[in-house]
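Take a look at the structure set out below.
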Amino acid sequence: MHGTPTGPAGTGSGRRPGGSGSRAADREAGAAPTTGSPPAGRRSGWFISFEGVEGAGKTTQLDLLRRELEARGHEVVATREPGGTPVGERIRAILLDPVAGDLDARAEALLFAAARAQLVEQVIRPALDRGAVVLCDRFLDSSLAYQGVGRGLGSEQVERINGWATAGVLPHLVVLLDLDPAAGLARRSGRRDRIEGQELDFHREVARAFRALAAEQPDRFLVVAAAAPADQVAGQVRAGVLARMEGSRVGLG
Ligand code: TYD
């Protein structure tokens, strides 16, 4: 369903081989996520996203991995979706505001894609181009699970608008923190945002969608059971991520 993710040397991840590599050209072509090699002389970083249902512990685990990778000498850029840029954070506020409860599903998908486009252009691509490791709290797979399946828009449509929005930039690795959605929601305190406030069946669909994505692309996903204490989960995330990075011969500091 996705194109092949960019290999470990994929600076400007996902640019089509032999294409102009320009974002404008990718837009013209409605670029689907594809693989590509970095232009000669450019460094290539690594892009890892964290995914999972509400309350799965993505933010905690991302932060623990960030510290681990920094201790190993990597430049790490940690960011989140929707958000991570001034414009993206404003879009996030709209998306999560319970007052926007009647937001149309396609408008919702486009707003997530718009925030993603801005994040790729301003943060992710520049970081990858200078050889950093990018850790992103959610990315495209959230749109496939929440909008494609949860909202019923269909994966193809969601993938298409996002292929265009991101010019094909895809994570090298997706860490899926797998947790029963009822357990995740129970971990949350305080007022639920617009999406957390959806019924449990919606969150169950999303959880199933994440598992299906991981099953379809085992090379690109690292699935970690997230019900265990955070330090145990962190150990599994660390071991899995380092093994994948080593397997791809990324300099590990
Ligand atoms: P989340 O990371 O859960 O924020 P927080 O943990 O701070 O509450 O993300 C916000 C919500 O947005 C979450 O409910 C999932 C949803 N979401 C989508 O529906 N589609 C997307 O493409 C993304 C990135 C997030």
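Ordered as shown in the structure tokens, chains take letters A, B, and onward, while each chain numbers its residues from 1 and ligands are numbered from 1 in the order shown.
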Closest pair table for chain A residues within 8 Å of ligand 1, only C-alpha atoms and all ligand atoms, as a tab-separated table:
residue	atom	partner	partner_atom_place_in_ligand_line	distance
A:Val53	CA	ligand 1	3 (O)	7.3
A:Glu54	CA	ligand 1	3 (O)	5.3
A:Gly55	CA	ligand 1	6 (O)	6.7
A:Lys58	CA	ligand 1	2 (O)	7.4
A:Thr59	CA	ligand 1	6 (O)	7.0
A:Arg80	CA	ligand 1	2 (O)	7.0
A:Glu81	CA	ligand 1	24 (C)	4.6
A:Pro82	CA	ligand 1	24 (C)	4.9
A:Arg92	CA	ligand 1	10 (C)	7.7
A:Leu95	CA	ligand 1	12 (O)	7.3
A:Leu96	CA	ligand 1	11 (C)	6.7
A:Ala109	CA	ligand 1	22 (O)	7.1
A:Phe112	CA	ligand 1	22 (O)	5.2
A:Ala113	CA	ligand 1	22 (O)	7.1
A:Arg116	CA	ligand 1	24 (C)	7.9
A:Asp137	CA	ligand 1	2 (O)	6.0
A:Arg138	CA	ligand 1	24 (C)	5.0
A:Phe139	CA	ligand 1	24 (C)	5.1
A:Leu140	CA	ligand 1	22 (O)	5.8
A:Asp141	CA	ligand 1	22 (O)	6.9
A:Ser142	CA	ligand 1	22 (O)	4.3
A:Ser143	CA	ligand 1	22 (O)	3.4
A:Leu144	CA	ligand 1	22 (O)	7.1
A:Ala145	CA	ligand 1	20 (N)	7.5
A:Tyr146	CA	ligand 1	19 (O)	4.6
A:Gln147	CA	ligand 1	19 (O)	6.0
A:Asp193	CA	ligand 1	8 (O)	7.2
A:Arg194	CA	ligand 1	14 (O)	7.5
A:Ile195	CA	ligand 1	14 (O)	4.6
A:Glu196	CA	ligand 1	14 (O)	5.2
Could you write those residues out with N, CA and C atoms, as a compact mmCIF listing (two decimals), in the first residue's frame?
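Final output, again-v1.txt:
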# COMPACT_ATOMS: atom_id res chain seq x y z
N VAL A 53 -2.34 3.94 19.51
CA VAL A 53 -3.62 4.54 19.94
C VAL A 53 -3.36 5.55 21.05
N GLU A 54 -4.41 6.24 21.43
CA GLU A 54 -4.30 7.25 22.51
C GLU A 54 -3.75 6.58 23.77
N GLY A 55 -2.83 7.25 24.42
CA GLY A 55 -2.32 6.76 25.71
C GLY A 55 -1.36 5.59 25.60
N LYS A 58 3.61 7.07 23.40
CA LYS A 58 4.54 7.49 22.34
C LYS A 58 5.47 8.60 22.79
N THR A 59 4.91 9.59 23.44
CA THR A 59 5.71 10.76 23.80
C THR A 59 6.83 10.38 24.77
N ARG A 80 6.57 16.54 16.42
CA ARG A 80 5.29 15.84 16.57
C ARG A 80 4.30 16.27 15.50
N GLU A 81 3.30 15.42 15.35
CA GLU A 81 2.20 15.70 14.44
C GLU A 81 0.86 15.54 15.16
N PRO A 82 -0.16 16.28 14.77
CA PRO A 82 0.00 17.48 13.97
C PRO A 82 0.73 18.53 14.79
N ARG A 92 -3.10 22.16 14.49
CA ARG A 92 -3.37 21.19 15.56
C ARG A 92 -4.49 21.69 16.49
N LEU A 95 -7.75 21.11 14.85
CA LEU A 95 -8.08 19.69 14.73
C LEU A 95 -8.52 19.07 16.06
N LEU A 96 -7.92 19.53 17.15
CA LEU A 96 -8.21 18.88 18.44
C LEU A 96 -9.29 19.59 19.23
N ALA A 109 -8.83 15.29 7.04
CA ALA A 109 -7.68 14.63 6.42
C ALA A 109 -6.76 15.66 5.75
N PHE A 112 -4.69 17.56 8.41
CA PHE A 112 -3.54 16.77 8.86
C PHE A 112 -2.45 16.78 7.78
N ALA A 113 -2.87 16.65 6.53
CA ALA A 113 -1.88 16.63 5.44
C ALA A 113 -1.19 17.99 5.30
N ARG A 116 1.37 18.32 7.90
CA ARG A 116 2.47 17.40 7.55
C ARG A 116 3.36 18.01 6.46
N ASP A 137 6.54 12.09 16.57
CA ASP A 137 5.38 11.57 17.31
C ASP A 137 4.20 11.59 16.33
N ARG A 138 3.94 10.46 15.71
CA ARG A 138 2.94 10.24 14.65
C ARG A 138 3.42 10.76 13.30
N PHE A 139 2.95 10.12 12.23
CA PHE A 139 3.18 10.60 10.86
C PHE A 139 2.10 10.00 9.98
N LEU A 140 2.42 9.71 8.74
CA LEU A 140 1.42 9.28 7.76
C LEU A 140 0.54 8.12 8.24
N ASP A 141 1.14 7.15 8.94
CA ASP A 141 0.35 5.97 9.32
C ASP A 141 -0.82 6.34 10.24
N SER A 142 -0.69 7.43 11.00
CA SER A 142 -1.84 7.89 11.78
C SER A 142 -2.98 8.30 10.86
N SER A 143 -2.65 8.98 9.77
CA SER A 143 -3.72 9.38 8.85
C SER A 143 -4.35 8.16 8.19
N LEU A 144 -3.52 7.16 7.86
CA LEU A 144 -4.08 5.94 7.25
C LEU A 144 -5.02 5.24 8.23
N ALA A 145 -4.63 5.20 9.51
CA ALA A 145 -5.45 4.49 10.50
C ALA A 145 -6.67 5.32 10.92
N TYR A 146 -6.45 6.58 11.27
CA TYR A 146 -7.56 7.39 11.80
C TYR A 146 -8.51 7.88 10.70
N GLN A 147 -7.92 8.47 9.64
CA GLN A 147 -8.80 9.02 8.59
C GLN A 147 -9.16 7.93 7.57
N ASP A 193 -9.74 15.46 24.04
CA ASP A 193 -9.82 16.34 22.87
C ASP A 193 -10.81 15.74 21.87
N ARG A 194 -10.97 16.42 20.72
CA ARG A 194 -12.01 16.03 19.77
C ARG A 194 -11.86 14.60 19.27
N ILE A 195 -10.62 14.17 19.09
CA ILE A 195 -10.43 12.82 18.53
C ILE A 195 -10.42 11.77 19.65
N GLU A 196 -9.80 12.09 20.77
CA GLU A 196 -9.87 11.17 21.92
C GLU A 196 -11.33 10.91 22.30
Need to verify the contact set: Val76 in chain A, 9 Å, only C-alpha atoms, exclusion of same-chain residues closer than 6 positions in sequence. Can you return it as a tab-separated table (two decimals) with C-alpha atoms, in the first residue's frame?
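Below is the file that was written, part24.tsv:
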chain	number	residue	atom	x	y	z
A	66	ARG	CA	16.03	10.61	21.90
A	67	ARG	CA	18.25	10.57	24.99
A	69	LEU	CA	20.57	8.28	20.52
A	70	GLU	CA	22.00	11.60	21.68
A	127	ALA	CA	17.19	17.56	9.29
A	132	ALA	CA	20.20	13.94	11.74
A	133	VAL	CA	17.92	11.29	13.19
A	134	VAL	CA	14.33	12.57	13.12
A	135	LEU	CA	11.92	11.20	15.72
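Using only C-alpha atoms, the nearest neighbour of Ile124 in chain A within the list A:Leu103, A:Leu170, A:Gly190, A:Glu159 is A:Leu170.
Taking only range 44-105 of chain A, the residues that DSSP calls helix (DSSP H, G or I) from the backbone come to Lys58, Thr59, Thr60, Gln61, Leu62, Asp63, Leu64, Leu65, Arg66, Arg67, Glu68, Leu69, Glu70, Ala71, Pro86, Val87, Gly88, Glu89, Arg90, Ile91, Arg92, Ala93, Ile94, Leu95, Leu96, Pro98, Val99, Ala100 and Ala105 of chain A.
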Would you output that residue set with C-alpha atoms, as a PDB file, in the first residue's frame?
ATOM      1  CA  LYS A  58       4.536   7.489  22.340  1.00  0.00           C
ATOM      2  CA  THR A  59       5.714  10.759  23.797  1.00  0.00           C
ATOM      3  CA  THR A  60       7.491   9.104  26.739  1.00  0.00           C
ATOM      4  CA  GLN A  61       9.126   6.483  24.545  1.00  0.00           C
ATOM      5  CA  LEU A  62      10.179   9.001  21.934  1.00  0.00           C
ATOM      6  CA  ASP A  63      11.883  11.075  24.600  1.00  0.00           C
ATOM      7  CA  LEU A  64      13.712   8.057  26.051  1.00  0.00           C
ATOM      8  CA  LEU A  65      14.952   7.046  22.606  1.00  0.00           C
ATOM      9  CA  ARG A  66      16.027  10.611  21.897  1.00  0.00           C
ATOM     10  CA  ARG A  67      18.250  10.572  24.986  1.00  0.00           C
ATOM     11  CA  GLU A  68      19.702   7.210  24.061  1.00  0.00           C
ATOM     12  CA  LEU A  69      20.572   8.282  20.523  1.00  0.00           C
ATOM     13  CA  GLU A  70      21.997  11.605  21.683  1.00  0.00           C
ATOM     14  CA  ALA A  71      24.211   9.747  24.162  1.00  0.00           C
ATOM     15  CA  PRO A  86       4.184  27.441  14.078  1.00  0.00           C
ATOM     16  CA  VAL A  87       1.606  26.863  11.325  1.00  0.00           C
ATOM     17  CA  GLY A  88       1.270  23.181  12.204  1.00  0.00           C
ATOM     18  CA  GLU A  89       0.590  23.978  15.846  1.00  0.00           C
ATOM     19  CA  ARG A  90      -2.220  26.314  14.803  1.00  0.00           C
ATOM     20  CA  ILE A  91      -3.690  23.592  12.603  1.00  0.00           C
ATOM     21  CA  ARG A  92      -3.366  21.192  15.565  1.00  0.00           C
ATOM     22  CA  ALA A  93      -5.430  23.535  17.720  1.00  0.00           C
ATOM     23  CA  ILE A  94      -8.246  23.460  15.151  1.00  0.00           C
ATOM     24  CA  LEU A  95      -8.085  19.686  14.735  1.00  0.00           C
ATOM     25  CA  LEU A  96      -8.210  18.881  18.437  1.00  0.00           C
ATOM     26  CA  PRO A  98     -13.948  19.772  20.600  1.00  0.00           C
ATOM     27  CA  VAL A  99     -15.820  22.810  19.248  1.00  0.00           C
ATOM     28  CA  ALA A 100     -14.832  21.643  15.738  1.00  0.00           C
ATOM     29  CA  ALA A 105     -13.797  13.957   7.400  1.00  0.00           C
TER      30      ALA A 105
END
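Shell of Arg211 in chain A at 9 Å, with only C-alpha atoms counted and residues fewer than 3 places along the chain excluded, is Leu176, Asp178, Val206, Ala207, Arg208, Ala214, Ala215, Glu216 and Val223 of chain A.
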Quiz item: What are the DSSP strand (DSSP E) residues of range 59-211 of chain A, as a VMD selection string?
Solution: chain A and resid 76 to 80 133 to 137 173 to 178
Self-check item: From A:Ala226, A:Ala212, A:Cys136, A:Val233, residue lying nearest Leu179 in chain A [only C-alpha atoms]
Solution: A:Ala226
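For Gly240 in chain A, the non-local neighbours within 10 Å, defined as residues at least 2 positions apart in the same chain or in other chains and counting only C-alpha atoms, are Val175, Phe221, Leu222, Val223, Val224, Ala234, Gly235, Gln236, Val237, Arg238, Leu242, Ala243, Arg244, Met245 and Glu246 of chain A.
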Export of prior selection with N, CA and C atoms as a PDB file, in the first residue's frame:
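Result file is again_17.pdb:
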ATOM      1  N   VAL A 175       7.752   2.829  14.743  1.00  0.00           N
ATOM      2  CA  VAL A 175       7.644   2.100  16.006  1.00  0.00           C
ATOM      3  C   VAL A 175       6.169   2.125  16.411  1.00  0.00           C
ATOM      4  N   PHE A 221       8.028  -1.772  10.039  1.00  0.00           N
ATOM      5  CA  PHE A 221       7.438  -1.572  11.368  1.00  0.00           C
ATOM      6  C   PHE A 221       8.208  -2.336  12.432  1.00  0.00           C
ATOM      7  N   LEU A 222       8.291  -1.731  13.610  1.00  0.00           N
ATOM      8  CA  LEU A 222       8.752  -2.415  14.810  1.00  0.00           C
ATOM      9  C   LEU A 222       7.566  -2.369  15.780  1.00  0.00           C
ATOM     10  N   VAL A 223       6.983  -3.518  16.070  1.00  0.00           N
ATOM     11  CA  VAL A 223       5.801  -3.545  16.945  1.00  0.00           C
ATOM     12  C   VAL A 223       6.241  -3.924  18.350  1.00  0.00           C
ATOM     13  N   VAL A 224       5.893  -3.076  19.316  1.00  0.00           N
ATOM     14  CA  VAL A 224       6.278  -3.315  20.703  1.00  0.00           C
ATOM     15  C   VAL A 224       5.017  -3.290  21.564  1.00  0.00           C
ATOM     16  N   ALA A 234      10.759   0.703  26.838  1.00  0.00           N
ATOM     17  CA  ALA A 234      11.898   1.469  26.305  1.00  0.00           C
ATOM     18  C   ALA A 234      13.044   0.540  25.908  1.00  0.00           C
ATOM     19  N   GLY A 235      13.279  -0.499  26.700  1.00  0.00           N
ATOM     20  CA  GLY A 235      14.348  -1.452  26.381  1.00  0.00           C
ATOM     21  C   GLY A 235      14.091  -2.142  25.051  1.00  0.00           C
ATOM     22  N   GLN A 236      12.836  -2.498  24.830  1.00  0.00           N
ATOM     23  CA  GLN A 236      12.502  -3.171  23.559  1.00  0.00           C
ATOM     24  C   GLN A 236      12.591  -2.212  22.383  1.00  0.00           C
ATOM     25  N   VAL A 237      12.142  -0.985  22.613  1.00  0.00           N
ATOM     26  CA  VAL A 237      12.224   0.009  21.531  1.00  0.00           C
ATOM     27  C   VAL A 237      13.694   0.245  21.177  1.00  0.00           C
ATOM     28  N   ARG A 238      14.509   0.439  22.209  1.00  0.00           N
ATOM     29  CA  ARG A 238      15.935   0.720  21.978  1.00  0.00           C
ATOM     30  C   ARG A 238      16.590  -0.434  21.204  1.00  0.00           C
ATOM     31  N   LEU A 242      17.960   0.082  17.399  1.00  0.00           N
ATOM     32  CA  LEU A 242      19.408  -0.013  17.158  1.00  0.00           C
ATOM     33  C   LEU A 242      19.724  -1.148  16.196  1.00  0.00           C
ATOM     34  N   ALA A 243      19.002  -2.262  16.344  1.00  0.00           N
ATOM     35  CA  ALA A 243      19.247  -3.387  15.422  1.00  0.00           C
ATOM     36  C   ALA A 243      18.933  -2.973  13.992  1.00  0.00           C
ATOM     37  N   ARG A 244      17.823  -2.255  13.800  1.00  0.00           N
ATOM     38  CA  ARG A 244      17.474  -1.835  12.431  1.00  0.00           C
ATOM     39  C   ARG A 244      18.494  -0.829  11.896  1.00  0.00           C
ATOM     40  N   MET A 245      18.908   0.075  12.754  1.00  0.00           N
ATOM     41  CA  MET A 245      19.875   1.076  12.288  1.00  0.00           C
ATOM     42  C   MET A 245      21.213   0.416  11.982  1.00  0.00           C
ATOM     43  N   GLU A 246      21.633  -0.499  12.840  1.00  0.00           N
ATOM     44  CA  GLU A 246      22.892  -1.210  12.586  1.00  0.00           C
ATOM     45  C   GLU A 246      22.793  -2.015  11.301  1.00  0.00           C
TER      46      GLU A 246
END
Practice problem: Determine, counting only C-alpha atoms, which protein, DNA and RNA residues have an atom within 10 Å of an atom of Ala227 in chain A; residues of the same chain fewer than 5 positions away are not included. Present the result as a list of chain:residue names. | Solution: A:Ala56, A:Gly57, A:Leu177, A:Asp178, A:Leu179, A:Asp180, A:Ala183, A:Gly184, A:Gln232, A:Val233
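If you look at CA of Gly84 in chain A and CA of Ser44 in chain A, they are 20.8 Å away from each other.
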Self-check item: Using only C-alpha atoms: which of A:Glu205, A:His74, A:Gly52, A:Gly131 has the shortest distance to Gly152 in chain A
Solution: A:Glu205
Quiz item: Which value, in Å to one decimal, gives the distance between CA of Val77 in chain A and CA of His172 in chain A?
Solution: 14.8 Å
Quiz item: Between CA of Val149 in chain A and CA of Gly197 in chain A, what is the distance, to one decimal in Å?
Solution: 16.8 Å
Practice problem: Considering only C-alpha atoms, state which residue in the set A:Pro218, A:Ala182, A:Glu51, A:Ala165 is at the smallest distance from Asp201 in chain A. | Solution: A:Ala182
